file model-v7.txt (compact mmCIF, C-alpha atoms)
# COMPACT_ATOMS: atom_id res chain seq x y z
CA MET B 6 61.94 -45.39 -65.57
CA LYS B 7 58.15 -45.27 -65.72
CA ILE B 8 56.21 -44.22 -62.62
CA LEU B 9 52.52 -45.03 -62.44
CA ALA B 10 50.45 -42.07 -61.30
CA VAL B 11 46.87 -42.12 -60.13
CA SER B 12 44.50 -39.39 -59.00
CA GLY B 13 41.92 -40.18 -56.38
CA SER B 14 39.59 -37.64 -57.98
CA LEU B 15 37.27 -38.42 -60.86
CA ARG B 16 36.41 -34.74 -61.47
CA ALA B 17 37.30 -33.34 -64.90
CA ALA B 18 38.67 -30.14 -63.31
CA SER B 19 40.42 -31.95 -60.45
CA TYR B 20 43.18 -30.09 -58.63
CA ASN B 21 44.81 -33.44 -57.91
CA THR B 22 44.82 -34.55 -61.52
CA ALA B 23 46.35 -31.15 -62.32
CA LEU B 24 49.16 -31.97 -59.87
CA LEU B 25 49.86 -35.14 -61.83
CA GLY B 26 49.98 -33.12 -65.03
CA ALA B 27 52.55 -30.85 -63.40
CA ALA B 28 54.50 -33.87 -62.17
CA ARG B 29 54.57 -35.24 -65.71
CA GLU B 30 56.07 -31.93 -66.92
CA LEU B 31 58.55 -31.64 -64.04
CA ALA B 32 59.76 -35.25 -63.88
CA PRO B 33 63.53 -35.77 -63.85
CA ALA B 34 65.23 -36.65 -67.12
CA GLY B 35 64.67 -40.28 -68.06
CA VAL B 36 61.49 -40.56 -65.99
CA GLU B 37 58.07 -40.98 -67.57
CA ILE B 38 54.93 -40.53 -65.52
CA GLU B 39 52.02 -42.58 -66.82
CA ILE B 40 48.63 -41.50 -65.50
CA PHE B 41 46.08 -44.25 -64.88
CA ARG B 42 42.45 -43.16 -64.69
CA LEU B 43 40.20 -44.89 -62.17
CA HIS B 44 36.93 -43.95 -63.89
CA ASP B 45 36.01 -47.47 -65.05
CA LEU B 46 37.09 -49.39 -61.95
CA PRO B 47 34.06 -51.11 -60.38
CA PHE B 48 33.62 -51.11 -56.63
CA PHE B 49 35.40 -54.00 -54.96
CA ASN B 50 33.12 -56.97 -54.40
CA GLU B 51 34.36 -60.44 -53.45
CA ASP B 52 31.50 -62.03 -55.40
CA VAL B 53 32.69 -60.27 -58.55
CA GLU B 54 36.31 -61.17 -57.76
CA ALA B 55 35.35 -64.85 -57.36
CA GLN B 56 34.03 -64.83 -60.94
CA GLY B 57 37.28 -63.30 -62.22
CA ASP B 58 38.51 -59.74 -62.21
CA PRO B 59 36.67 -57.47 -64.68
CA SER B 60 38.86 -56.04 -67.45
CA PRO B 61 39.29 -52.59 -65.81
CA VAL B 62 40.54 -54.35 -62.67
CA VAL B 63 42.94 -56.50 -64.69
CA ALA B 64 44.28 -53.36 -66.40
CA TRP B 65 44.74 -51.61 -63.04
CA LYS B 66 46.48 -54.57 -61.40
CA ASP B 67 48.73 -55.10 -64.44
CA ALA B 68 49.71 -51.42 -64.44
CA VAL B 69 50.58 -51.54 -60.72
CA ARG B 70 52.57 -54.76 -61.14
CA ALA B 71 54.55 -53.34 -64.07
CA ALA B 72 55.46 -50.07 -62.34
CA PRO B 73 58.52 -49.77 -60.13
CA ALA B 74 56.78 -47.02 -58.14
CA LEU B 75 53.51 -45.16 -57.69
CA LEU B 76 52.74 -41.46 -57.49
CA ILE B 77 49.38 -40.90 -55.84
CA ALA B 78 47.47 -37.62 -55.97
CA CYS B 79 45.26 -37.86 -52.92
CA PRO B 80 42.24 -35.58 -52.57
CA GLU B 81 40.60 -35.14 -49.18
CA TYR B 82 36.86 -35.54 -48.80
CA ASN B 83 35.42 -35.17 -45.30
CA GLY B 84 38.86 -35.67 -43.78
CA GLY B 85 39.60 -38.95 -45.54
CA LEU B 86 40.29 -40.76 -48.77
CA THR B 87 37.95 -40.64 -51.72
CA ALA B 88 35.96 -43.79 -52.40
CA SER B 89 37.61 -44.15 -55.80
CA LEU B 90 41.13 -44.16 -54.34
CA LYS B 91 40.27 -46.50 -51.47
CA ASN B 92 38.58 -48.81 -53.98
CA ALA B 93 41.68 -48.87 -56.20
CA ILE B 94 43.81 -49.76 -53.19
CA ASP B 95 41.38 -52.53 -52.22
CA TRP B 96 41.53 -54.12 -55.69
CA ALA B 97 45.34 -53.84 -55.88
CA SER B 98 45.71 -55.42 -52.44
CA ARG B 99 44.20 -58.68 -53.70
CA GLY B 100 45.81 -61.65 -55.43
CA LYS B 101 48.95 -63.68 -54.94
CA PRO B 102 51.17 -61.80 -55.00
CA ALA B 103 49.09 -58.68 -54.50
CA PRO B 104 50.11 -55.94 -56.96
CA LEU B 105 50.80 -53.43 -54.16
CA ASP B 106 52.89 -55.83 -52.09
CA GLY B 107 56.48 -54.56 -52.03
CA LYS B 108 55.78 -51.42 -54.08
CA ILE B 109 56.92 -47.97 -53.05
CA ALA B 110 54.77 -44.87 -53.39
CA CYS B 111 54.80 -41.17 -52.73
CA ALA B 112 51.83 -38.90 -52.27
CA MET B 113 50.74 -35.41 -53.10
CA GLY B 114 47.44 -33.71 -52.68
CA ALA B 115 45.68 -30.45 -53.34
CA SER B 116 42.68 -28.91 -51.64
CA PRO B 117 41.05 -25.50 -51.35
CA GLY B 118 41.62 -25.73 -47.58
CA ILE B 119 44.71 -24.35 -45.85
CA THR B 120 46.15 -27.72 -44.77
CA GLY B 121 45.98 -29.38 -48.17
CA THR B 122 45.18 -33.05 -47.84
CA VAL B 123 47.07 -33.89 -44.66
CA ARG B 124 44.32 -36.06 -43.10
CA ALA B 125 43.66 -37.98 -46.30
CA GLN B 126 47.36 -38.62 -46.76
CA ASP B 127 47.53 -40.04 -43.23
CA ALA B 128 44.69 -42.41 -44.16
CA LEU B 129 46.45 -43.23 -47.44
CA ARG B 130 49.63 -44.20 -45.58
CA LEU B 131 47.69 -46.53 -43.31
CA ASN B 132 45.84 -48.18 -46.20
CA LEU B 133 48.96 -48.62 -48.31
CA ARG B 134 50.99 -50.06 -45.43
CA ARG B 135 48.24 -52.59 -44.75
CA ALA B 136 48.44 -53.57 -48.43
CA GLY B 137 52.22 -54.10 -48.21
CA CYS B 138 53.20 -50.89 -49.98
CA ASP B 139 55.87 -48.59 -48.56
CA LEU B 140 55.71 -44.82 -48.65
CA ALA B 141 58.98 -43.07 -49.34
CA PRO B 142 60.35 -41.02 -46.44
CA LEU B 143 59.24 -37.40 -46.61
CA SER B 144 56.95 -38.49 -49.38
CA ASP B 145 54.15 -36.01 -49.27
CA ILE B 146 53.36 -32.72 -50.93
CA LEU B 147 50.51 -30.74 -49.38
CA VAL B 148 49.03 -28.06 -51.62
CA GLY B 149 46.65 -25.87 -49.69
CA GLN B 150 44.47 -23.18 -51.24
CA ALA B 151 44.76 -25.00 -54.56
CA HIS B 152 42.20 -22.73 -56.20
CA THR B 153 44.81 -19.93 -56.03
CA LYS B 154 47.60 -22.06 -57.52
CA ILE B 155 45.86 -24.05 -60.26
CA GLU B 156 44.21 -22.26 -63.16
CA ASN B 157 42.32 -24.07 -65.92
CA GLY B 158 43.86 -27.40 -64.93
CA VAL B 159 47.44 -26.07 -64.85
CA LEU B 160 49.61 -25.58 -61.77
CA THR B 161 50.82 -22.01 -62.19
CA GLU B 162 52.30 -21.23 -58.78
CA GLU B 163 56.10 -21.42 -59.11
CA ARG B 164 56.90 -22.27 -55.48
CA THR B 165 54.71 -25.38 -55.64
CA ARG B 166 56.20 -26.35 -59.01
CA GLN B 167 59.68 -26.16 -57.47
CA ALA B 168 58.56 -28.26 -54.50
CA ILE B 169 57.18 -30.93 -56.84
CA THR B 170 60.44 -30.91 -58.83
CA ARG B 171 62.47 -31.50 -55.65
CA HIS B 172 59.94 -34.06 -54.40
CA LEU B 173 60.11 -36.11 -57.59
CA ALA B 174 63.93 -35.97 -57.77
CA SER B 175 64.15 -37.30 -54.21
CA PHE B 176 61.56 -40.00 -54.87
CA VAL B 177 63.30 -41.17 -58.05
CA GLU B 178 66.60 -41.47 -56.12
CA ILE B 179 64.87 -43.68 -53.54
CA VAL B 180 63.26 -45.84 -56.24
CA ARG B 181 66.58 -46.25 -58.08
CA ALA B 182 68.35 -47.20 -54.82
CA ARG B 183 65.78 -49.95 -54.23
CA ALA B 184 66.16 -51.43 -57.72
call {"tool": "encode", "arguments": {"input": "model-v7.txt", "output": "structure tokens"}}
result
Amino acid sequence: MKILAVSGSLRAASYNTALLGAARELAPAGVEIEIFRLHDLPFFNEDVEAQGDPSPVVAWKDAVRAAPALLIACPEYNGGLTASLKNAIDWASRGKPAPLDGKIACAMGASPGITGTVRAQDALRLNLRRAGCDLAPLSDILVGQAHTKIENGVLTEERTRQAITRHLASFVEIVRARA
């Protein structure tokens, strides 16, 4: 099984992209986590869409369509989603059928703050539901004080690594049950 992963952060030293790297390492046997980078995705614009989706949008939508499930690393900026993640959701909510329609996702997020990315993940749930995407029950990992757990782009804190391992195993069971 291949799960499509996306980080809502464009930063090279992103804590959230580091979580996806850890998820790739800790994935259950037989599960591959493919990370899709949002760096080239243009901002959603209906005028652009009317002329035909640009190639980065086509690649994004094709990747979402092909994946049985999504793993989203959700940063929190000013209590909400990043523009890059919201933009990706907007593009993948368009078309017939929309790539996100009927998909299942789970979320994780890391932040230097104590509460992790709880507010952004609430916003993520709302946006994904509106796009027809389900979030797996108990589908969030909140990594607070990420700067103490991630060193040089690597998640080093063992308790969080164990939580991600359990989280992914549970998510994969849900995805397999839906297939």
call {"tool": "atom_distance", "arguments": {"input": "model-v7.txt", "atom1": "CA of Gly100 in chain B", "atom2": "CA of Ala74 in chain B"}}
result
18.5 Å
call {"tool": "closest_atom_pairs", "arguments": {"input": "model-v7.txt", "of": "range 125-146 of chain B", "to": "range 10-26 of chain B", "cutoff": "12 Å", "atoms": "only C-alpha atoms", "output": "Markdown table"}}
result
| residue | atom | partner | partner_atom | distance |
| --- | --- | --- | --- | --- |
| B:Ala125 | CA | B:Gly13 | CA | 10.5 |
| B:Gln126 | CA | B:Gly13 | CA | 11.2 |
| B:Leu129 | CA | B:Gly13 | CA | 10.5 |
| B:Ile146 | CA | B:Leu24 | CA | 9.9 |
call {"tool": "closest_residue", "arguments": {"input": "model-v7.txt", "among": "B:Ala128, B:Leu31, B:Leu105, B:Val159", "to": "Val69 in chain B", "atoms": "only C-alpha atoms"}}
result
B:Leu105
call {"tool": "atom_distance", "arguments": {"input": "model-v7.txt", "atom1": "CA of Thr170 in chain B", "atom2": "CA of Met6 in chain B"}}
result
16.0 Å
call {"tool": "closest_residue", "arguments": {"input": "model-v7.txt", "among": "B:Val53, B:Pro117, B:Arg124, B:Cys111", "to": "Ala174 in chain B", "atoms": "all atoms listed in the file"}}
result
B:Cys111
call {"tool": "atom_distance", "arguments": {"input": "model-v7.txt", "atom1": "CA of Thr122 in chain B", "atom2": "CA of Pro80 in chain B"}}
result
6.1 Å
call {"tool": "closest_residue", "arguments": {"input": "model-v7.txt", "among": "B:Met113, B:Val62, B:Val148, B:Ile169", "to": "Pro33 in chain B", "atoms": "only C-alpha atoms"}}
result
B:Ile169
call {"tool": "closest_residue", "arguments": {"input": "model-v7.txt", "among": "B:Lys108, B:Arg181, B:Lys66, B:Arg42", "to": "Ala136 in chain B", "atoms": "all atoms listed in the file"}}
result
B:Lys108
call {"tool": "axis_aligned_box", "arguments": {"input": "model-v7.txt", "around": "range 136-150 of chain B", "padding_each_side": "8 Å", "output": "JSON"}}
result
{"center_x": 52.4, "center_y": -38.6, "center_z": -49.0, "size_x": 31.9, "size_y": 46.9, "size_z": 21.2}
call {"tool": "residues_around", "arguments": {"input": "model-v7.txt", "residues": "Asn92 in chain B", "least_positions_apart": "2", "cutoff": "12 Å", "atoms": "only C-alpha atoms", "output": "VMD selection string"}}
result
chain B and resid 13 to 14 43 to 50 62 65 86 to 90 94 to 99 129 132 to 133
call {"tool": "write_last_selection", "arguments": {"input": "model-v7.txt", "atoms": "C-alpha atoms", "output": "mmCIF file, in the coordinates of the input"}}
result
data_model
loop_
_atom_site.group_PDB
_atom_site.id
_atom_site.type_symbol
_atom_site.label_atom_id
_atom_site.label_comp_id
_atom_site.auth_asym_id
_atom_site.auth_seq_id
_atom_site.Cartn_x
_atom_site.Cartn_y
_atom_site.Cartn_z
ATOM 1 C CA GLY B 13 41.920 -40.180 -56.380
ATOM 2 C CA SER B 14 39.590 -37.640 -57.980
ATOM 3 C CA LEU B 43 40.200 -44.890 -62.170
ATOM 4 C CA HIS B 44 36.930 -43.950 -63.890
ATOM 5 C CA ASP B 45 36.010 -47.470 -65.050
ATOM 6 C CA LEU B 46 37.090 -49.390 -61.950
ATOM 7 C CA PRO B 47 34.060 -51.110 -60.380
ATOM 8 C CA PHE B 48 33.620 -51.110 -56.630
ATOM 9 C CA PHE B 49 35.400 -54.000 -54.960
ATOM 10 C CA ASN B 50 33.120 -56.970 -54.400
ATOM 11 C CA VAL B 62 40.540 -54.350 -62.670
ATOM 12 C CA TRP B 65 44.740 -51.610 -63.040
ATOM 13 C CA LEU B 86 40.290 -40.760 -48.770
ATOM 14 C CA THR B 87 37.950 -40.640 -51.720
ATOM 15 C CA ALA B 88 35.960 -43.790 -52.400
ATOM 16 C CA SER B 89 37.610 -44.150 -55.800
ATOM 17 C CA LEU B 90 41.130 -44.160 -54.340
ATOM 18 C CA ILE B 94 43.810 -49.760 -53.190
ATOM 19 C CA ASP B 95 41.380 -52.530 -52.220
ATOM 20 C CA TRP B 96 41.530 -54.120 -55.690
ATOM 21 C CA ALA B 97 45.340 -53.840 -55.880
ATOM 22 C CA SER B 98 45.710 -55.420 -52.440
ATOM 23 C CA ARG B 99 44.200 -58.680 -53.700
ATOM 24 C CA LEU B 129 46.450 -43.230 -47.440
ATOM 25 C CA ASN B 132 45.840 -48.180 -46.200
ATOM 26 C CA LEU B 133 48.960 -48.620 -48.310
#
call {"tool": "closest_residue", "arguments": {"input": "model-v7.txt", "among": "B:Ala115, B:Val36, B:Ile155, B:Cys79", "to": "Glu178 in chain B", "atoms": "only C-alpha atoms"}}
result
B:Val36
call {"tool": "residues_around", "arguments": {"input": "model-v7.txt", "residues": "Gly137 in chain B", "least_positions_apart": "3", "cutoff": "6 Å", "atoms": "all atoms listed in the file", "output": "CSV table (one decimal) with C-alpha atoms, in the frame of the given file"}}
result
chain,number,residue,atom,x,y,z
B,106,ASP,CA,52.9,-55.8,-52.1
B,107,GLY,CA,56.5,-54.6,-52.0
B,134,ARG,CA,51.0,-50.1,-45.4
call {"tool": "residues_around", "arguments": {"input": "model-v7.txt", "residues": "Thr120 in chain B", "least_positions_apart": "2", "cutoff": "8 Å", "atoms": "only C-alpha atoms", "output": "list in words"}}
result
Ser116, Gly118, Thr122, Val123, Leu147, Val148 and Gly149 of chain B
call {"tool": "closest_residue", "arguments": {"input": "model-v7.txt", "among": "B:Ser175, B:Asn83, B:Ser60, B:Thr161", "to": "Asp145 in chain B", "atoms": "all atoms listed in the file"}}
result
B:Ser175
